[in-house]
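S.K.: Input file: data.txt. Contents: compact mmCIF, C-alpha atoms.
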```
# COMPACT_ATOMS: atom_id res chain seq x y z
CA MET A 1 4.67 10.02 -28.28
CA LYS A 2 1.38 11.78 -27.80
CA LYS A 3 1.03 13.78 -24.58
CA VAL A 4 -2.12 14.37 -22.56
CA LEU A 5 -2.56 17.40 -20.32
CA ALA A 6 -3.77 16.12 -16.93
CA ALA A 7 -4.90 18.23 -13.98
CA PRO A 8 -1.87 20.01 -12.45
CA GLN A 9 -0.54 17.60 -9.82
CA PRO A 10 2.80 16.94 -8.11
CA LEU A 11 3.18 13.57 -9.86
CA ILE A 12 6.65 12.58 -8.64
CA CYS A 13 5.36 8.96 -9.10
CA THR A 14 7.49 7.19 -6.45
CA PRO A 15 8.01 9.23 -3.30
CA PRO A 16 9.43 7.33 -0.30
CA THR A 17 7.24 6.28 2.61
CA VAL A 18 8.38 7.40 6.06
CA LEU A 19 7.01 7.68 9.57
CA VAL A 20 7.33 11.18 11.01
CA GLY A 21 7.44 11.39 14.78
CA THR A 22 6.81 14.22 17.20
CA MET A 23 6.02 14.59 20.88
CA VAL A 24 2.46 15.80 21.43
CA ASP A 25 1.27 16.52 24.95
CA GLY A 26 4.29 14.63 26.26
CA LYS A 27 3.61 11.47 24.25
CA PRO A 28 5.28 10.12 21.12
CA ASN A 29 3.11 10.09 18.01
CA PHE A 30 3.82 9.02 14.43
CA MET A 31 2.19 9.57 11.08
CA ALA A 32 2.91 8.13 7.64
CA VAL A 33 4.27 10.67 5.17
CA ALA A 34 5.08 10.27 1.49
CA TRP A 35 5.43 13.99 0.79
CA CYS A 36 9.07 14.08 1.89
CA GLY A 37 12.54 14.31 0.41
CA VAL A 38 16.17 15.22 0.83
CA ALA A 39 16.62 19.00 1.02
CA CYS A 40 20.38 19.48 1.46
CA SER A 41 23.54 17.39 1.75
CA ASN A 42 25.54 19.60 4.10
CA PRO A 43 24.20 20.41 6.58
CA PRO A 44 22.12 17.27 6.08
CA MET A 45 18.48 18.25 5.75
CA VAL A 46 15.18 16.64 4.86
CA SER A 47 11.73 18.03 4.11
CA VAL A 48 8.34 16.67 5.14
CA ALA A 49 4.97 18.13 4.15
CA ILE A 50 2.19 17.93 6.73
CA ARG A 51 -1.38 19.21 6.75
CA PRO A 52 -1.93 21.84 9.48
CA ALA A 53 -4.85 19.86 10.91
CA ARG A 54 -2.69 16.80 11.61
CA TYR A 55 -2.06 15.94 15.24
CA THR A 56 1.61 15.35 14.46
CA LEU A 57 2.06 18.98 13.48
CA LYS A 58 1.24 20.12 17.01
CA GLY A 59 4.49 18.53 18.10
CA ILE A 60 6.49 20.57 15.59
CA GLN A 61 6.23 23.48 18.02
CA ASN A 62 8.95 21.69 19.99
CA ARG A 63 11.17 22.40 16.95
CA GLU A 64 12.16 18.74 16.80
CA PHE A 65 10.85 15.72 14.88
CA SER A 66 11.98 12.37 13.57
CA VAL A 67 11.90 10.62 10.22
CA ASN A 68 11.82 6.83 10.46
CA ILE A 69 12.24 4.54 7.44
CA PRO A 70 9.93 1.54 7.76
CA SER A 71 10.73 -1.82 6.22
CA VAL A 72 8.27 -4.03 4.36
CA ASP A 73 7.76 -5.95 7.63
CA ILE A 74 5.72 -3.09 9.02
CA VAL A 75 3.82 -1.91 5.97
CA LYS A 76 0.50 -2.48 7.76
CA GLU A 77 1.59 -0.48 10.79
CA THR A 78 2.85 2.29 8.52
CA ASP A 79 -0.40 2.47 6.59
CA TYR A 80 -2.33 2.44 9.86
CA CYS A 81 -0.32 5.47 11.04
CA GLY A 82 -1.47 7.29 7.91
CA MET A 83 -5.14 6.58 8.52
CA VAL A 84 -5.81 7.21 12.18
CA SER A 85 -5.18 10.27 14.32
CA GLY A 86 -3.04 10.34 17.42
CA ALA A 87 -5.77 12.51 18.92
CA GLU A 88 -7.98 9.41 19.00
CA VAL A 89 -5.68 6.42 19.43
CA ASP A 90 -2.28 5.66 20.89
CA LYS A 91 -0.57 4.55 17.69
CA VAL A 92 2.57 3.47 19.53
CA ALA A 93 0.55 0.96 21.53
CA ALA A 94 -1.59 -0.11 18.57
CA CYS A 95 1.49 -0.76 16.42
CA LYS A 96 3.58 -2.18 19.26
CA PHE A 97 6.37 0.26 18.42
CA ASP A 98 9.37 0.35 20.75
CA VAL A 99 10.33 4.00 21.05
CA PHE A 100 13.81 5.25 21.86
CA TYR A 101 15.49 8.65 21.94
CA GLY A 102 18.85 10.11 21.01
CA GLN A 103 20.00 13.53 22.15
CA LEU A 104 16.78 15.19 20.90
CA THR A 105 14.20 14.39 23.54
CA ASN A 106 11.32 15.61 21.36
CA ALA A 107 12.22 13.40 18.40
CA PRO A 108 10.84 9.93 19.20
CA LEU A 109 12.49 7.12 17.19
CA ILE A 110 11.02 3.73 16.29
CA GLU A 111 13.27 0.78 17.04
CA GLN A 112 11.51 -1.43 14.46
CA CYS A 113 12.44 1.03 11.67
CA PRO A 114 15.94 0.25 10.35
CA VAL A 115 16.82 3.93 9.83
CA ASN A 116 15.98 6.81 12.15
CA LEU A 117 16.72 10.50 11.61
CA ALA A 118 16.46 12.87 14.56
CA CYS A 119 15.88 16.38 13.23
CA LYS A 120 15.74 19.99 14.37
CA VAL A 121 13.31 22.27 12.55
CA ALA A 122 15.18 24.74 10.33
CA HIS A 123 12.36 26.24 8.23
CA ILE A 124 8.59 26.05 7.97
CA LEU A 125 6.86 27.15 4.76
CA ASN A 126 3.08 27.49 4.77
CA LEU A 127 2.33 26.46 1.17
CA GLY A 128 -1.41 25.79 1.20
CA THR A 129 -2.93 22.46 2.19
CA HIS A 130 0.50 21.51 3.58
CA HIS A 131 3.22 23.05 5.66
CA LEU A 132 6.67 22.13 4.39
CA ILE A 133 8.92 21.43 7.36
CA VAL A 134 12.64 21.48 6.58
CA GLY A 135 14.69 19.83 9.30
CA GLN A 136 18.39 19.43 9.91
CA VAL A 137 19.38 15.84 10.61
CA ILE A 138 21.21 15.86 13.93
CA GLU A 139 21.50 12.11 14.37
CA THR A 140 21.20 9.14 12.01
CA HIS A 141 20.62 5.78 13.70
CA VAL A 142 20.78 2.52 11.76
CA THR A 143 19.90 -0.97 12.96
CA GLU A 144 23.21 -2.81 13.18
CA SER A 145 21.92 -5.90 11.40
CA CYS A 146 21.04 -3.70 8.38
CA LEU A 147 24.68 -2.75 7.79
CA THR A 148 27.13 -4.47 5.47
CA ASP A 149 30.78 -3.59 6.02
CA GLY A 150 29.56 -0.82 8.31
CA LYS A 151 27.34 0.79 5.67
CA PRO A 152 23.53 0.86 5.26
CA ASP A 153 22.43 -1.99 2.97
CA LEU A 154 19.12 -1.52 1.14
CA ASN A 155 18.71 -5.28 0.72
CA LYS A 156 18.61 -5.52 4.50
CA ILE A 157 16.73 -2.29 5.20
CA GLN A 158 13.98 -3.29 2.75
CA PRO A 159 12.32 0.11 2.40
CA PHE A 160 9.25 0.62 0.27
CA VAL A 161 7.88 3.46 -1.79
CA TYR A 162 4.50 5.08 -2.29
CA GLY A 163 3.23 4.50 -5.79
CA MET A 164 1.25 7.53 -6.98
CA ALA A 165 -1.27 5.95 -9.32
CA SER A 166 -4.86 4.90 -9.14
CA PRO A 167 -5.13 3.18 -6.74
CA THR A 168 -2.07 4.20 -4.72
CA GLU A 169 -0.05 1.19 -3.58
CA TYR A 170 3.12 0.50 -1.63
CA TYR A 171 5.91 -1.05 -3.69
CA THR A 172 9.08 -2.87 -2.76
CA LEU A 173 12.31 -2.08 -4.55
CA GLY A 174 12.87 -4.20 -7.63
CA LYS A 175 16.17 -4.92 -9.27
CA SER A 176 19.16 -2.67 -9.73
CA ILE A 177 19.38 -1.26 -13.25
CA GLY A 178 22.76 0.39 -12.91
CA ARG A 179 25.20 2.11 -10.67
CA CYS A 180 24.70 5.86 -10.22
CA PHE A 181 27.35 8.16 -11.68
CA SER A 182 28.53 5.23 -13.74
CA VAL A 183 25.97 3.67 -16.08
CA GLY A 184 25.65 6.94 -18.01
CA LYS A 185 29.30 6.87 -19.02
CA GLU A 186 28.30 4.69 -21.95
CA LEU A 187 26.99 7.82 -23.63
CA GLY A 188 30.55 9.13 -23.72
CA MET A 189 32.11 11.61 -21.36
CA LYS A 190 33.44 14.86 -22.74
CA LYS A 191 36.18 16.54 -20.73
CA MET B 1 17.56 -4.55 17.71
CA LYS B 2 20.89 -2.88 18.32
CA LYS B 3 21.26 0.60 16.83
CA VAL B 4 24.45 2.19 15.51
CA LEU B 5 24.92 5.95 15.40
CA ALA B 6 26.13 6.84 11.90
CA ALA B 7 27.30 10.24 10.68
CA PRO B 8 24.29 12.60 10.45
CA GLN B 9 22.95 12.15 6.91
CA PRO B 10 19.61 12.64 5.15
CA LEU B 11 19.17 8.88 4.66
CA ILE B 12 15.69 8.82 3.08
CA CYS B 13 16.91 5.56 1.40
CA THR B 14 14.78 5.66 -1.77
CA PRO B 15 14.30 9.15 -3.19
CA PRO B 16 12.87 9.34 -6.72
CA THR B 17 15.07 10.11 -9.72
CA VAL B 18 13.95 13.01 -11.90
CA LEU B 19 15.34 15.24 -14.62
CA VAL B 20 15.08 18.93 -13.79
CA GLY B 21 15.00 21.26 -16.76
CA THR B 22 15.66 24.97 -17.13
CA MET B 23 16.48 27.36 -19.95
CA VAL B 24 20.05 28.63 -19.70
CA ASP B 25 21.27 31.22 -22.19
CA GLY B 26 18.25 30.47 -24.32
CA LYS B 27 18.85 26.72 -24.50
CA PRO B 28 17.15 23.83 -22.69
CA ASN B 29 19.30 21.99 -20.17
CA PHE B 30 18.58 19.09 -17.84
CA MET B 31 20.18 17.59 -14.77
CA ALA B 32 19.43 14.45 -12.80
CA VAL B 33 18.09 15.14 -9.30
CA ALA B 34 17.27 12.71 -6.51
CA TRP B 35 16.95 15.36 -3.82
CA CYS B 36 13.34 16.10 -4.65
CA GLY B 37 9.85 15.50 -3.30
CA VAL B 38 6.24 16.54 -3.11
CA ALA B 39 5.85 19.75 -1.09
CA CYS B 40 2.10 20.43 -1.16
CA SER B 41 -1.09 18.93 -2.59
CA ASN B 42 -3.05 22.11 -3.24
CA PRO B 43 -1.69 24.18 -4.80
CA PRO B 44 0.33 21.28 -6.21
CA MET B 45 4.00 21.86 -5.39
CA VAL B 46 7.27 19.98 -5.60
CA SER B 47 10.74 20.66 -4.21
CA VAL B 48 14.11 20.09 -5.84
CA ALA B 49 17.49 20.68 -4.21
CA ILE B 50 20.29 21.95 -6.45
CA ARG B 51 23.87 22.95 -5.74
CA PRO B 52 24.46 26.66 -6.48
CA ALA B 53 27.38 25.82 -8.79
CA ARG B 54 25.17 23.75 -11.11
CA TYR B 55 24.57 25.13 -14.58
CA THR B 56 20.87 24.26 -14.26
CA LEU B 57 20.45 26.68 -11.37
CA LYS B 58 21.30 29.62 -13.62
CA GLY B 59 18.03 28.96 -15.41
CA ILE B 60 16.05 29.24 -12.19
CA GLN B 61 16.36 33.03 -12.50
CA ASN B 62 13.62 32.71 -15.14
CA ARG B 63 11.40 31.58 -12.24
CA GLU B 64 10.38 28.50 -14.20
CA PHE B 65 11.64 24.91 -14.36
CA SER B 66 10.45 21.45 -15.20
CA VAL B 67 10.49 18.08 -13.45
CA ASN B 68 10.51 15.12 -15.83
CA ILE B 69 10.06 11.53 -14.65
CA PRO B 70 12.33 9.21 -16.63
CA SER B 71 11.48 5.58 -17.30
CA VAL B 72 13.90 2.68 -17.05
CA ASP B 73 14.42 2.96 -20.84
CA ILE B 74 16.50 6.08 -20.36
CA VAL B 75 18.40 5.29 -17.17
CA LYS B 76 21.72 5.80 -18.98
CA GLU B 77 20.66 9.18 -20.31
CA THR B 78 19.41 10.17 -16.85
CA ASP B 79 22.66 9.18 -15.20
CA TYR B 80 24.62 11.00 -17.89
CA CYS B 81 22.65 14.18 -17.11
CA GLY B 82 23.81 13.86 -13.51
CA MET B 83 27.47 13.57 -14.43
CA VAL B 84 28.17 16.18 -17.08
CA SER B 85 27.56 19.92 -17.08
CA GLY B 86 25.44 21.78 -19.59
CA ALA B 87 28.22 24.38 -19.58
CA GLU B 88 30.37 21.85 -21.42
CA VAL B 89 28.07 19.67 -23.47
CA ASP B 90 24.67 19.95 -25.10
CA LYS B 91 22.91 17.23 -23.11
CA VAL B 92 19.76 17.43 -25.21
CA ALA B 93 21.77 16.49 -28.30
CA ALA B 94 23.89 13.90 -26.50
CA CYS B 95 20.77 12.19 -25.08
CA LYS B 96 18.69 12.68 -28.24
CA PHE B 97 15.92 14.22 -26.14
CA ASP B 98 12.95 15.66 -27.98
CA VAL B 99 12.03 18.83 -26.12
CA PHE B 100 8.57 20.38 -26.05
CA TYR B 101 6.93 23.22 -24.18
CA GLY B 102 3.59 23.94 -22.57
CA GLN B 103 2.49 27.40 -21.54
CA LEU B 104 5.72 28.02 -19.58
CA THR B 105 8.32 28.83 -22.19
CA ASN B 106 11.19 28.54 -19.72
CA ALA B 107 10.24 25.04 -18.54
CA PRO B 108 11.57 22.65 -21.21
CA LEU B 109 9.89 19.22 -21.17
CA ILE B 110 11.31 15.90 -22.38
CA GLU B 111 9.03 13.95 -24.69
CA GLN B 112 10.73 10.63 -23.83
CA CYS B 113 9.83 11.06 -20.14
CA PRO B 114 6.32 9.71 -19.48
CA VAL B 115 5.47 12.44 -16.94
CA ASN B 116 6.38 16.12 -17.19
CA LEU B 117 5.69 18.83 -14.64
CA ALA B 118 5.99 22.46 -15.70
CA CYS B 119 6.60 24.58 -12.61
CA LYS B 120 6.79 28.18 -11.47
CA VAL B 121 9.24 28.98 -8.68
CA ALA B 122 7.40 29.75 -5.43
CA HIS B 123 10.23 29.75 -2.88
CA ILE B 124 14.00 29.39 -2.80
CA LEU B 125 15.73 28.44 0.45
CA ASN B 126 19.52 28.67 0.63
CA LEU B 127 20.23 25.77 2.98
CA GLY B 128 23.98 25.17 2.58
CA THR B 129 25.43 23.00 -0.17
CA HIS B 130 22.02 23.06 -1.83
CA HIS B 131 19.30 25.56 -2.64
CA LEU B 132 15.85 24.12 -2.11
CA ILE B 133 13.59 25.26 -4.93
CA VAL B 134 9.88 24.92 -4.25
CA GLY B 135 7.82 25.14 -7.40
CA GLN B 136 4.13 25.19 -8.13
CA VAL B 137 3.10 22.67 -10.76
CA ILE B 138 1.26 24.63 -13.46
CA GLU B 139 0.93 21.79 -15.97
CA THR B 140 1.18 18.00 -15.73
CA HIS B 141 1.73 16.22 -19.04
CA VAL B 142 1.52 12.44 -19.32
CA THR B 143 2.36 10.26 -22.31
CA GLU B 144 -0.97 8.93 -23.54
CA SER B 145 0.27 5.36 -23.84
CA CYS B 146 1.15 5.41 -20.11
CA LEU B 147 -2.47 5.89 -19.07
CA THR B 148 -4.95 3.19 -18.16
CA ASP B 149 -8.58 4.27 -18.07
CA GLY B 150 -7.31 7.83 -18.38
CA LYS B 151 -5.08 7.64 -15.28
CA PRO B 152 -1.29 7.40 -14.93
CA ASP B 153 -0.23 3.75 -14.68
CA LEU B 154 3.09 3.03 -12.95
CA ASN B 155 3.43 -0.29 -14.76
CA LYS B 156 3.56 1.66 -18.00
CA ILE B 157 5.47 4.70 -16.73
CA GLN B 158 8.19 2.45 -15.29
CA PRO B 159 9.88 5.01 -13.06
CA PHE B 160 12.96 4.16 -11.04
CA VAL B 161 14.36 5.30 -7.71
CA TYR B 162 17.76 6.30 -6.40
CA GLY B 163 19.01 3.79 -3.88
CA MET B 164 21.03 5.56 -1.17
CA ALA B 165 23.50 2.89 -0.18
CA SER B 166 27.10 2.07 -0.93
CA PRO B 167 27.32 2.05 -3.89
CA THR B 168 24.31 4.09 -4.95
CA GLU B 169 22.26 2.29 -7.59
CA TYR B 170 19.07 2.88 -9.56
CA TYR B 171 16.26 0.47 -8.76
CA THR B 172 13.07 -0.44 -10.57
CA LEU B 173 9.85 -0.78 -8.63
CA GLY B 174 9.26 -4.26 -7.30
CA LYS B 175 5.94 -5.76 -6.36
CA SER B 176 2.97 -4.14 -4.69
CA ILE B 177 2.75 -5.00 -1.00
CA GLY B 178 -0.60 -3.43 -0.33
CA ARG B 179 -3.01 -0.68 -1.15
CA CYS B 180 -2.46 2.64 0.64
CA PHE B 181 -5.10 3.72 3.17
CA SER B 182 -6.32 0.15 3.18
CA VAL B 183 -3.77 -2.50 4.17
CA GLY B 184 -3.42 -0.94 7.64
CA LYS B 185 -7.07 -1.53 8.44
CA GLU B 186 -6.11 -5.02 9.60
CA LEU B 187 -4.77 -3.42 12.77
CA GLY B 188 -8.31 -2.34 13.59
CA MET B 189 -9.79 1.06 13.12
CA LYS B 190 -11.10 2.96 16.11
CA LYS B 191 -13.79 5.53 15.47
```
Take the structure in the file and give it back as structure tokens.

M.R.:
Amino acid sequence: MKKVLAAPQPLICTPPTVLVGTMVDGKPNFMAVAWCGVACSNPPMVSVAIRPARYTLKGIQNREFSVNIPSVDIVKETDYCGMVSGAEVDKVAACKFDVFYGQLTNAPLIEQCPVNLACKVAHILNLGTHHLIVGQVIETHVTESCLTDGKPDLNKIQPFVYGMASPTEYYTLGKSIGRCFSVGKELGMKK
Amino acid sequence: MKKVLAAPQPLICTPPTVLVGTMVDGKPNFMAVAWCGVACSNPPMVSVAIRPARYTLKGIQNREFSVNIPSVDIVKETDYCGMVSGAEVDKVAACKFDVFYGQLTNAPLIEQCPVNLACKVAHILNLGTHHLIVGQVIETHVTESCLTDGKPDLNKIQPFVYGMASPTEYYTLGKSIGRCFSVGKELGMKK
């Protein structure tokens, strides 16, 4: 298996695609973010990486933001929110997003997204081109019709991922290839 | 679209699945990690969240680690590395991993993984159940047969994601639903 040394790059291959929301100048604004991930289980935390020049980052000064998981239905709107600046257009109007709020009044949530995380800023790391914002999830909202037996159902949520290749493309989930913490047991478990 | 307030949780839905490697007591060890993401473009950085009790974290004291992207071929081995501890079993032997090294001698890389990132620790945040390790990618290795026209090709890499639902399952990528920074143009671009 011959290896090639490519330019150093954070080639995670399949980061998620989310819409990060903040309040800027009193108005909700959203941008598409793929540089994000889970940061901690308890307290529940997520990380999002944002360029300092982005309009969205201005709203981080409120110490609150949201992470919204879009479904394949709104892939165009999501992509749009990654291309245009809230300084120039009202993305909420352009995308026809219905915005709602939980207890964090500076964390705007998108009704059309099946999952919404309202977060408080816990840490900000200035890493270079991006600031890494680590936020504690204060509220998790899920669209009721995306639950099965009261639990989030990926077949109903229909999230999509950001494929880091050339060109970059959005991908749906394919088929399940095994249950986590289970399929590996075939290799034998040693006490 | 009725919303339900669930317990606060970092429901990113589709984090990637990677194998994080460190050297512990002079031996390479790997664990499966889904709590990871891109942290910065330049310098290229990634984040991985690891519980302090994990054997892998001991190796972080060397200030080096690796992130290896497994393909669907080794989903069982990947899952196994998330279930057993390197304190008890030699996972490299159990999984028949061929380990190689770049310039970072404390960042063991798995030949069977099509993409390998050798990283230097830049930041460690103690967040609660997990430590968030932010690492700068010093080297990116790609299996030559997974390139098309010299660039990483997801159809050949065949990564898989961690589906956060009940139960959690590993999912392949499905179909492309649009090119990034392109499909959203249909909503109209304002100068």

S.K.: How far is it from CA of Thr56 in chain A to CA of Asn68 in chain A, in Å with one decimal?

M.R.: 13.9 Å

S.K.: In terms of the shortest atom-to-atom distance over all atoms listed in the file, which of B:Lys3, B:Lys58, B:His131, B:His123 is closest to chain A?

M.R.: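 Of B:Lys3, B:Lys58, B:His131, B:His123, the one nearest chain A, counting all atoms listed in the file, is B:Lys3.
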
S.K.: Find the residues near Asn29 in chain A: any atom within 8 Å, counting all atoms listed in the file, skip ones fewer than 3 places away on the same chain, and give them as a CSV table (one decimal) with C-alpha atoms, in the coordinates of the input.

M.R.:
```csv
chain,number,residue,atom,x,y,z
A,21,GLY,CA,7.4,11.4,14.8
A,22,THR,CA,6.8,14.2,17.2
A,23,MET,CA,6.0,14.6,20.9
A,24,VAL,CA,2.5,15.8,21.4
A,56,THR,CA,1.6,15.4,14.5
A,86,GLY,CA,-3.0,10.3,17.4
A,90,ASP,CA,-2.3,5.7,20.9
A,91,LYS,CA,-0.6,4.6,17.7
A,92,VAL,CA,2.6,3.5,19.5
A,108,PRO,CA,10.8,9.9,19.2
```

S.K.: What's the separation between CA of Ile157 in chain B and CA of Val142 in chain B, in Å to one decimal place?

M.R.: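 Computing the Euclidean distance for CA of Ile157 in chain B and CA of Val142 in chain B yields 9.1 Å.
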
S.K.: Quick check, in Å to one decimal: how far apart do CA of Cys119 in chain A and CA of Val134 in chain B lie?

M.R.: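 Interatomic distance, CA of Cys119 in chain A to CA of Val134 in chain B: 20.4 Å.
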
S.K.: Rank nothing, just name the residue among A:Ala39, A:Asn106, A:Asp73, A:Ala53 nearest to Lys27 in chain A, using all atoms listed in the file.

M.R.: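 The shortest atom-to-atom distance to Lys27 in chain A comes from A:Asn106.
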
S.K.: Would you mind listing what lies within 10 Å of Leu187 in chain B as an mmCIF file with C-alpha atoms, keeping the file's coordinate frame, with only C-alpha atoms counted and same-chain residues fewer than 4 positions away left out?

M.R.:
```
data_model
loop_
_atom_site.group_PDB
_atom_site.id
_atom_site.type_symbol
_atom_site.label_atom_id
_atom_site.label_comp_id
_atom_site.auth_asym_id
_atom_site.auth_seq_id
_atom_site.Cartn_x
_atom_site.Cartn_y
_atom_site.Cartn_z
ATOM 1 C CA LYS A 76 0.500 -2.480 7.760
ATOM 2 C CA GLU A 77 1.590 -0.480 10.790
ATOM 3 C CA ASP A 79 -0.400 2.470 6.590
ATOM 4 C CA TYR A 80 -2.330 2.440 9.860
ATOM 5 C CA ALA A 94 -1.590 -0.110 18.570
ATOM 6 C CA CYS A 95 1.490 -0.760 16.420
ATOM 7 C CA VAL B 183 -3.770 -2.500 4.170
#
```

S.K.: Which residues are close to range 145-147 of chain B, i.e. within 12 Å by only C-alpha atoms, leaving aside same-chain residues fewer than 3 positions away? Reply as a list in words.

M.R.: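 Those residues are Met1, Lys2, Lys3, Val4, Leu5, Ala6, Ala165 and Ser166 of chain A; Ser71, Gln112, Cys113, Pro114, Val115, His141, Val142, Gly150, Lys151, Pro152, Asp153, Leu154, Asn155, Lys156, Ile157, Gln158 and Pro159 of chain B.
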
S.K.: For Pro8 in chain B, list every protein, DNA or RNA residue within 12 Å, evaluated using all atoms listed in the file, and leave out those in the same chain fewer than 3 positions away; present the list as JSON, numbers by chain.

M.R.: {"A": [40, 41, 42, 43, 44, 45, 46, 115, 116, 117, 118, 119, 120, 136, 137, 138, 139, 140, 141, 142], "B": [4, 5, 11, 12]}

S.K.: Counting only C-alpha atoms, note down every residue that has an atom within 12 Å of the point (-2.6, -2.1, 6.2) (file coordinates), as a PyMOL selection string.

M.R.: (chain A and resi 32+72-84+95+169-170) or (chain B and resi 177-189)

S.K.: So, counting only C-alpha atoms, which residue among A:Ser85, A:Ser66, A:Thr143, A:Ser47 is closest to chain B?

M.R.: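 Using only C-alpha atoms, the shortest distance to chain B belongs to A:Thr143.
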